[in-house]
$ cat data.csv   # CSV, C-alpha atoms
chain,number,residue,atom,x,y,z
L,1,MET,CA,123.1,111.4,152.9
L,2,ASN,CA,122.0,115.0,153.2
L,3,LYS,CA,120.1,116.3,156.2
L,4,ARG,CA,116.7,116.5,154.4
L,5,LYS,CA,116.9,112.9,153.1
L,6,TYR,CA,117.9,111.7,156.6
L,7,LYS,CA,114.9,113.5,158.1
L,8,ASN,CA,112.6,111.8,155.6
L,9,TYR,CA,113.9,108.4,156.6
L,10,LEU,CA,113.3,109.2,160.2
L,11,TRP,CA,109.7,110.2,159.5
L,12,GLY,CA,109.2,107.0,157.5
L,13,TYR,CA,110.4,104.9,160.3
L,14,PHE,CA,108.3,106.9,162.7
L,15,PHE,CA,105.1,106.1,160.8
L,16,VAL,CA,105.8,102.4,160.4
L,17,ALA,CA,107.0,102.0,164.0
L,18,PRO,CA,103.5,101.2,165.4
L,19,THR,CA,103.0,98.5,162.8
L,20,ILE,CA,106.4,97.0,163.3
L,21,THR,CA,106.0,97.1,167.1
L,22,GLY,CA,102.6,95.4,166.9
L,23,LEU,CA,104.0,92.8,164.6
L,24,LEU,CA,106.9,92.0,166.9
L,25,ILE,CA,104.7,91.9,170.1
L,26,LEU,CA,101.6,90.2,168.7
L,27,ASN,CA,103.1,87.9,166.1
L,28,ILE,CA,106.8,87.3,166.1
L,29,TYR,CA,107.2,87.0,169.9
L,30,PRO,CA,104.3,84.5,170.3
L,31,ILE,CA,105.7,82.3,167.6
L,32,PHE,CA,109.1,82.0,169.3
L,33,LYS,CA,107.4,81.6,172.7
L,34,THR,CA,105.2,78.8,171.2
L,35,LEU,CA,108.2,77.0,169.8
L,36,LEU,CA,110.1,77.3,173.1
L,37,LEU,CA,107.3,76.1,175.3
L,38,SER,CA,106.5,73.1,172.9
L,39,PHE,CA,110.0,71.7,173.9
L,40,SER,CA,109.3,72.2,177.6
L,41,THR,CA,107.4,70.5,180.4
L,42,SER,CA,105.4,72.3,183.1
L,43,THR,CA,106.5,72.0,186.7
L,44,GLY,CA,103.6,74.0,188.1
L,45,PHE,CA,103.1,77.7,188.9
L,46,GLU,CA,103.8,78.7,185.3
L,47,GLU,CA,107.4,77.3,185.5
L,48,TYR,CA,108.7,75.2,182.6
L,49,VAL,CA,111.8,73.1,182.1
L,50,PHE,CA,113.3,72.0,178.8
L,51,SER,CA,112.3,68.4,177.9
L,52,GLY,CA,113.5,68.1,174.3
L,53,LEU,CA,111.2,66.2,171.9
L,54,ASN,CA,109.1,64.5,174.6
L,55,ASN,CA,105.9,66.4,173.7
L,56,PHE,CA,106.2,65.6,170.0
L,57,THR,CA,106.9,61.9,170.8
L,58,ARG,CA,103.8,61.9,173.0
L,59,VAL,CA,101.8,63.5,170.1
L,60,LEU,CA,102.8,60.6,167.8
L,61,LYS,CA,101.7,58.1,170.4
L,62,ASP,CA,98.5,59.8,171.4
L,63,ARG,CA,95.4,58.0,170.1
L,64,GLU,CA,93.1,61.0,170.6
L,65,VAL,CA,95.5,63.2,168.5
L,66,TRP,CA,95.4,60.7,165.7
L,67,ILE,CA,91.6,60.5,165.9
L,68,GLY,CA,91.4,64.3,165.7
L,69,LEU,CA,93.8,64.3,162.8
L,70,ARG,CA,91.7,61.7,161.0
L,71,ASN,CA,88.5,63.6,161.6
L,72,THR,CA,90.1,66.9,160.5
L,73,LEU,CA,91.3,65.4,157.2
L,74,ILE,CA,87.9,63.9,156.5
L,75,PHE,CA,86.2,67.2,157.4
L,76,SER,CA,88.5,69.0,155.0
L,77,ALA,CA,88.3,66.5,152.2
L,78,VAL,CA,84.5,66.6,152.2
L,79,SER,CA,83.5,70.2,153.2
L,80,VAL,CA,85.9,72.2,151.0
L,81,PRO,CA,85.3,70.5,147.6
L,82,GLY,CA,81.6,70.0,148.4
L,83,GLY,CA,81.2,73.6,149.5
L,84,ILE,CA,83.0,75.1,146.4
L,85,PHE,CA,81.0,72.8,144.0
L,86,ILE,CA,77.7,73.9,145.5
L,87,SER,CA,78.8,77.5,145.6
L,88,LEU,CA,79.9,77.4,142.0
L,89,LEU,CA,76.5,76.0,140.8
L,90,LEU,CA,74.6,78.6,142.8
L,91,ALA,CA,76.8,81.4,141.7
L,92,TRP,CA,76.5,80.4,138.1
L,93,LEU,CA,72.7,80.3,138.4
L,94,MET,CA,72.5,83.7,140.2
L,95,SER,CA,74.8,85.3,137.7
L,96,LYS,CA,72.1,84.9,135.1
L,97,GLU,CA,69.3,87.3,134.4
L,98,ILE,CA,66.6,85.8,136.7
L,99,ARG,CA,63.9,87.5,138.6
L,100,GLY,CA,64.7,88.3,142.2
L,101,ARG,CA,68.4,87.3,142.0
L,102,SER,CA,69.3,90.2,144.4
L,103,VAL,CA,67.0,88.6,147.0
L,104,TYR,CA,68.6,85.2,146.5
L,105,ARG,CA,72.1,86.7,146.9
L,106,VAL,CA,71.0,88.3,150.2
L,107,ILE,CA,69.5,85.1,151.4
L,108,TYR,CA,72.6,83.1,150.7
L,109,PHE,CA,74.9,85.7,152.2
L,110,THR,CA,72.9,86.0,155.4
L,111,PRO,CA,74.8,83.1,157.2
L,112,MET,CA,78.0,85.2,157.0
L,113,VAL,CA,76.6,88.0,159.1
L,114,ALA,CA,74.8,85.8,161.6
L,115,ALA,CA,76.6,85.1,164.9
L,116,PRO,CA,78.2,81.6,165.0
L,117,ALA,CA,76.5,80.8,168.3
L,118,ALA,CA,73.1,81.6,166.9
L,119,VAL,CA,73.7,79.6,163.8
L,120,THR,CA,74.8,76.6,165.9
L,121,MET,CA,71.7,76.9,168.1
L,122,VAL,CA,69.4,76.9,165.1
L,123,TRP,CA,71.1,73.8,163.6
L,124,ALA,CA,71.1,72.0,166.9
L,125,TRP,CA,67.4,72.5,167.0
L,126,LEU,CA,67.0,71.3,163.4
L,127,TYR,CA,69.0,68.2,164.3
L,128,ASN,CA,67.4,67.5,167.7
L,129,SER,CA,66.5,63.8,167.9
L,130,GLU,CA,63.2,64.4,169.8
L,131,PHE,CA,61.6,67.6,168.5
L,132,GLY,CA,63.9,68.6,165.6
L,133,PHE,CA,62.5,69.8,162.3
L,134,LEU,CA,64.6,67.3,160.3
L,135,ASN,CA,63.3,64.3,162.2
L,136,TYR,CA,59.8,65.7,162.1
L,137,VAL,CA,59.9,65.8,158.3
L,138,ILE,CA,61.4,62.3,158.0
L,139,LYS,CA,58.8,60.9,160.4
L,140,SER,CA,56.0,62.6,158.5
L,141,LEU,CA,57.3,60.8,155.3
L,142,GLY,CA,57.4,57.5,157.1
L,143,GLY,CA,61.1,57.3,157.5
L,144,ALA,CA,63.2,56.4,160.6
L,145,THR,CA,64.5,59.2,162.8
L,146,HIS,CA,68.1,59.5,163.9
L,147,SER,CA,70.2,61.2,166.6
L,148,TRP,CA,72.0,63.2,164.0
L,149,LEU,CA,74.5,64.9,166.3
L,150,HIS,CA,75.1,62.0,168.8
L,151,ASP,CA,75.1,59.0,166.5
L,152,PRO,CA,78.8,58.3,165.4
L,153,LYS,CA,77.5,57.3,162.0
L,154,TYR,CA,75.9,60.7,161.2
L,155,ALA,CA,77.7,63.2,163.6
L,156,LEU,CA,80.6,64.2,161.4
L,157,MET,CA,78.5,64.6,158.2
L,158,SER,CA,76.0,66.6,160.2
L,159,VAL,CA,78.7,69.0,161.3
L,160,ILE,CA,80.1,69.1,157.7
L,161,ILE,CA,76.7,70.2,156.4
L,162,ILE,CA,76.6,73.1,158.9
L,163,ALA,CA,80.1,74.2,157.8
L,164,ILE,CA,79.2,74.0,154.1
L,165,TRP,CA,76.0,76.0,154.7
L,166,GLY,CA,77.8,78.6,156.8
L,167,GLY,CA,80.5,79.2,154.1
L,168,LEU,CA,78.3,79.4,151.0
L,169,GLY,CA,77.6,83.1,151.3
L,170,GLN,CA,81.2,84.3,151.0
L,171,GLN,CA,82.1,81.8,148.3
L,172,ILE,CA,79.1,82.6,146.2
L,173,ILE,CA,79.8,86.4,146.3
L,174,ILE,CA,83.4,85.8,145.2
L,175,LEU,CA,82.4,83.4,142.4
L,176,ILE,CA,79.6,85.7,141.1
L,177,VAL,CA,82.1,88.5,140.7
L,178,ALA,CA,84.6,86.2,139.0
L,179,ILE,CA,81.9,84.8,136.6
L,180,THR,CA,80.5,88.2,135.7
L,181,ASN,CA,84.0,89.3,134.7
L,182,VAL,CA,84.4,86.5,132.2
L,183,PRO,CA,84.3,88.2,128.7
L,184,ARG,CA,81.0,87.5,127.0
L,185,VAL,CA,82.7,86.9,123.7
L,186,TYR,CA,83.8,83.4,124.8
L,187,TYR,CA,80.2,82.4,125.5
L,188,GLU,CA,79.0,83.8,122.2
L,189,ALA,CA,81.6,81.8,120.3
L,190,ALA,CA,80.6,78.6,122.2
L,191,GLU,CA,76.9,79.2,121.4
L,192,ILE,CA,77.8,79.5,117.7
L,193,ASP,CA,79.4,76.0,118.0
L,194,GLY,CA,76.3,74.7,119.7
L,195,ALA,CA,77.6,74.4,123.2
L,196,GLY,CA,75.0,74.0,126.0
L,197,GLY,CA,74.8,75.6,129.4
L,198,PHE,CA,76.9,72.9,131.3
L,199,VAL,CA,79.5,72.7,128.5
L,200,LYS,CA,80.0,76.5,128.8
L,201,LEU,CA,80.2,76.2,132.6
L,202,PHE,CA,82.8,73.5,132.8
L,203,LYS,CA,84.7,74.4,129.6
L,204,ILE,CA,84.8,78.2,129.7
L,205,THR,CA,83.6,79.5,133.1
L,206,VAL,CA,85.5,77.1,135.4
L,207,PRO,CA,88.9,77.4,133.7
L,208,LEU,CA,88.7,81.2,133.5
L,209,ILE,CA,87.7,81.7,137.1
L,210,SER,CA,90.3,79.1,138.4
L,211,PRO,CA,92.3,81.8,140.3
L,212,SER,CA,89.2,82.5,142.4
L,213,VAL,CA,88.5,78.8,142.9
L,214,PHE,CA,92.1,78.3,143.9
L,215,PHE,CA,91.8,81.2,146.4
L,216,LEU,CA,88.6,79.7,147.9
L,217,THR,CA,90.3,76.3,148.1
L,218,ILE,CA,93.3,77.6,150.0
L,219,THR,CA,91.2,79.6,152.5
L,220,GLY,CA,88.7,76.8,152.7
L,221,PHE,CA,91.4,74.2,153.6
L,222,ILE,CA,93.0,76.5,156.2
L,223,GLY,CA,89.6,77.1,157.8
L,224,SER,CA,88.7,73.5,157.8
L,225,LEU,CA,92.0,72.3,159.2
L,226,THR,CA,91.6,74.8,162.1
L,227,GLN,CA,87.9,73.9,162.7
L,228,PHE,CA,87.0,74.3,166.3
L,229,ASP,CA,84.0,76.6,167.0
L,230,LEU,CA,81.3,74.2,165.7
L,231,ILE,CA,82.7,71.3,167.7
L,232,TYR,CA,83.0,73.4,170.8
L,233,MET,CA,79.5,74.8,170.7
L,234,LEU,CA,77.8,71.5,169.8
L,235,TYR,CA,79.8,69.1,171.9
L,236,ASN,CA,81.4,71.3,174.7
L,237,ALA,CA,79.9,69.0,177.4
L,238,ASN,CA,82.2,66.2,176.0
L,239,THR,CA,79.7,63.6,177.1
L,240,SER,CA,78.4,62.6,173.6
L,241,LYS,CA,79.2,59.1,172.4
L,242,ALA,CA,80.0,60.7,169.0
L,243,MET,CA,82.9,62.7,170.3
L,244,ASP,CA,85.5,60.3,168.8
L,245,SER,CA,83.7,60.9,165.4
L,246,VAL,CA,83.8,64.7,165.5
L,247,ARG,CA,86.7,65.9,167.6
L,248,THR,CA,89.2,67.8,165.4
L,249,ILE,CA,92.9,68.5,165.9
L,250,MET,CA,92.2,72.0,167.1
L,251,TYR,CA,89.6,70.8,169.5
L,252,GLN,CA,92.2,68.5,171.0
L,253,TYR,CA,94.5,71.5,171.3
L,254,TYR,CA,91.8,73.4,173.2
L,255,ARG,CA,91.2,70.5,175.5
L,256,GLN,CA,94.8,70.0,176.4
L,257,ALA,CA,95.5,73.7,176.8
L,258,PHE,CA,92.4,74.9,178.7
L,259,VAL,CA,90.8,71.8,180.2
L,260,VAL,CA,93.8,69.6,181.1
L,261,GLN,CA,96.0,72.7,181.5
L,262,ASP,CA,99.0,71.0,179.8
L,263,LYS,CA,100.0,74.0,177.7
L,264,PRO,CA,103.4,72.7,176.4
L,265,TYR,CA,101.8,69.5,175.1
L,266,ALA,CA,98.9,71.6,173.6
L,267,LEU,CA,101.4,73.8,171.8
L,268,ALA,CA,103.1,70.7,170.3
L,269,ILE,CA,99.7,69.7,169.0
L,270,SER,CA,99.2,73.2,167.5
L,271,ILE,CA,102.6,72.9,165.7
L,272,VAL,CA,101.6,69.6,164.2
L,273,ALA,CA,98.4,71.2,163.0
L,274,LEU,CA,100.4,74.2,161.5
L,275,CYS,CA,102.7,71.8,159.7
L,276,LEU,CA,99.6,70.1,158.3
L,277,ILE,CA,98.3,73.4,157.0
L,278,LEU,CA,101.7,74.3,155.4
L,279,ILE,CA,101.8,70.9,153.7
L,280,PHE,CA,98.3,71.2,152.3
L,281,THR,CA,99.0,74.8,151.2
L,282,GLY,CA,102.2,73.8,149.5
L,283,LEU,CA,100.6,70.9,147.7
L,284,GLN,CA,97.8,73.2,146.4
L,285,PHE,CA,100.3,75.7,145.1
L,286,VAL,CA,102.2,73.0,143.3
L,287,ALA,CA,98.9,71.6,141.8
L,288,GLN,CA,97.8,75.1,140.7
L,289,LYS,CA,101.1,75.7,138.9
L,290,LYS,CA,100.8,72.4,137.1
L,291,ILE,CA,97.3,73.2,136.1
L,292,VAL,CA,98.2,76.7,134.8
L,293,HIS,CA,101.2,75.3,133.0
L,294,TYR,CA,99.0,72.6,131.4
L,295,GLU,CA,96.5,75.1,130.3
$ encode --input "data.csv" --output "structure tokens"
Amino acid sequence: MNKRKYKNYLWGYFFVAPTITGLLILNIYPIFKTLLLSFSTSTGFEEYVFSGLNNFTRVLKDREVWIGLRNTLIFSAVSVPGGIFISLLLAWLMSKEIRGRSVYRVIYFTPMVAAPAAVTMVWAWLYNSEFGFLNYVIKSLGGATHSWLHDPKYALMSVIIIAIWGGLGQQIIILIVAITNVPRVYYEAAEIDGAGGFVKLFKITVPLISPSVFFLTITGFIGSLTQFDLIYMLYNANTSKAMDSVRTIMYQYYRQAFVVQDKPYALAISIVALCLILIFTGLQFVAQKKIVHYE
């Protein structure tokens, strides 16, 4: 290696050194620290002793963890497909030449730029059992009002609706771009054969934008499996009788880490959640490959 080439290598390593250093300090080290602490038990004063698989055994026996896992899976199974389906229909409508479609796009994208705390406060007001707008409308129509956030029968679905609404903007924008990039010739050929609007949507549009739908599915499941902020802001007092219906696995992690102050056990819960995310992601990749191969 000549001197000039060696100097170029040194400059290259010099420029990537900040990124590598940040990766090691902010990502790699916390991962190994998390794994190490999850196999430990706190003795107080930030001191830990190795305890083997005790924390993971405790996770398997913890009723609250299983409740959180159940709620997380239900949340993911409903919010992700439901949100993508609604976003797909709205994106399909707004990709057409309709009056004021730019205004509609701005309206649907607005939740993405609003602060989560502000969004949660607005929805908490809408759901309020005494003076909420939703109960006011239902009562005006002669229906029975409900405690939407604190009745176990309605609480989880109420949170799911907030999550779907909050994610529509990003999903719609991505799907609009994907739909507008579909070659027009496919639609013209379908129109010659007499295909209607919904036939073109599900036989042409959906298959051709499947990579974008797959991307939204992956990111949607990752976000739903790590859902925490909505539950925290709506139920932080932890006094609602609906807590068992809405607590998620990540909320349980927060509670153990920052309320109970049992960090090793909380980290064991987070590892279980991470394994769940990896399993779901792997299954989706396998399903996507089979769909592409079939097509």
$ closest_residue --input "data.csv" --among "L:Ile269, L:Ala124, L:Ile279, L:Ile176" --to "Leu88 of chain L" --atoms "all atoms listed in the file"
L:Ile176
$ closest_atom_pairs --input "data.csv" --of "segment 14-87 of chain L" --to "segment 242-266 of chain L" --cutoff "8 Å" --atoms "only C-alpha atoms" --output "tab-separated table"
residue	atom	partner	partner_atom	distance
L:Leu37	CA	L:Pro264	CA	5.3
L:Ser38	CA	L:Pro264	CA	4.7
L:Phe39	CA	L:Pro264	CA	7.1
L:Ser40	CA	L:Pro264	CA	6.0
L:Thr41	CA	L:Pro264	CA	6.1
L:Ser42	CA	L:Pro264	CA	7.0
L:Asn55	CA	L:Tyr265	CA	5.3
L:Phe56	CA	L:Tyr265	CA	7.8
L:Val59	CA	L:Tyr265	CA	7.8
L:Glu64	CA	L:Gln252	CA	7.6
L:Val65	CA	L:Ile249	CA	6.5
L:Ile67	CA	L:Asp244	CA	6.8
L:Gly68	CA	L:Thr248	CA	4.1
L:Leu69	CA	L:Ile249	CA	5.3
L:Arg70	CA	L:Thr248	CA	7.9
L:Asn71	CA	L:Thr248	CA	5.7
L:Thr72	CA	L:Thr248	CA	5.1
$ closest_residue --input "data.csv" --among "L:Ile172, L:Val137, L:Ala268, L:Ala118" --to "Leu89 of chain L" --atoms "only C-alpha atoms"
L:Ile172
$ closest_residue --input "data.csv" --among "L:Ser140, L:Thr281, L:Ser270, L:Gln227" --to "Ile74 of chain L" --atoms "all atoms listed in the file"
L:Gln227
$ closest_residue --input "data.csv" --among "L:Leu267, L:Met94, L:Val199, L:Ile84" --to "Thr217 of chain L" --atoms "all atoms listed in the file"
L:Ile84
$ closest_residue --input "data.csv" --among "L:Phe14, L:Tyr136, L:Phe75, L:Trp92" --to "Ile164 of chain L" --atoms "all atoms listed in the file"
L:Phe75
$ residues_near_point --input "data.csv" --point "(82.8, 67.9, 150.0)" --cutoff "12 Å" --atoms "all atoms listed in the file" --output "VMD selection string"
chain L and resid 73 to 87 157 160 to 161 163 to 165 217 220 to 221 224
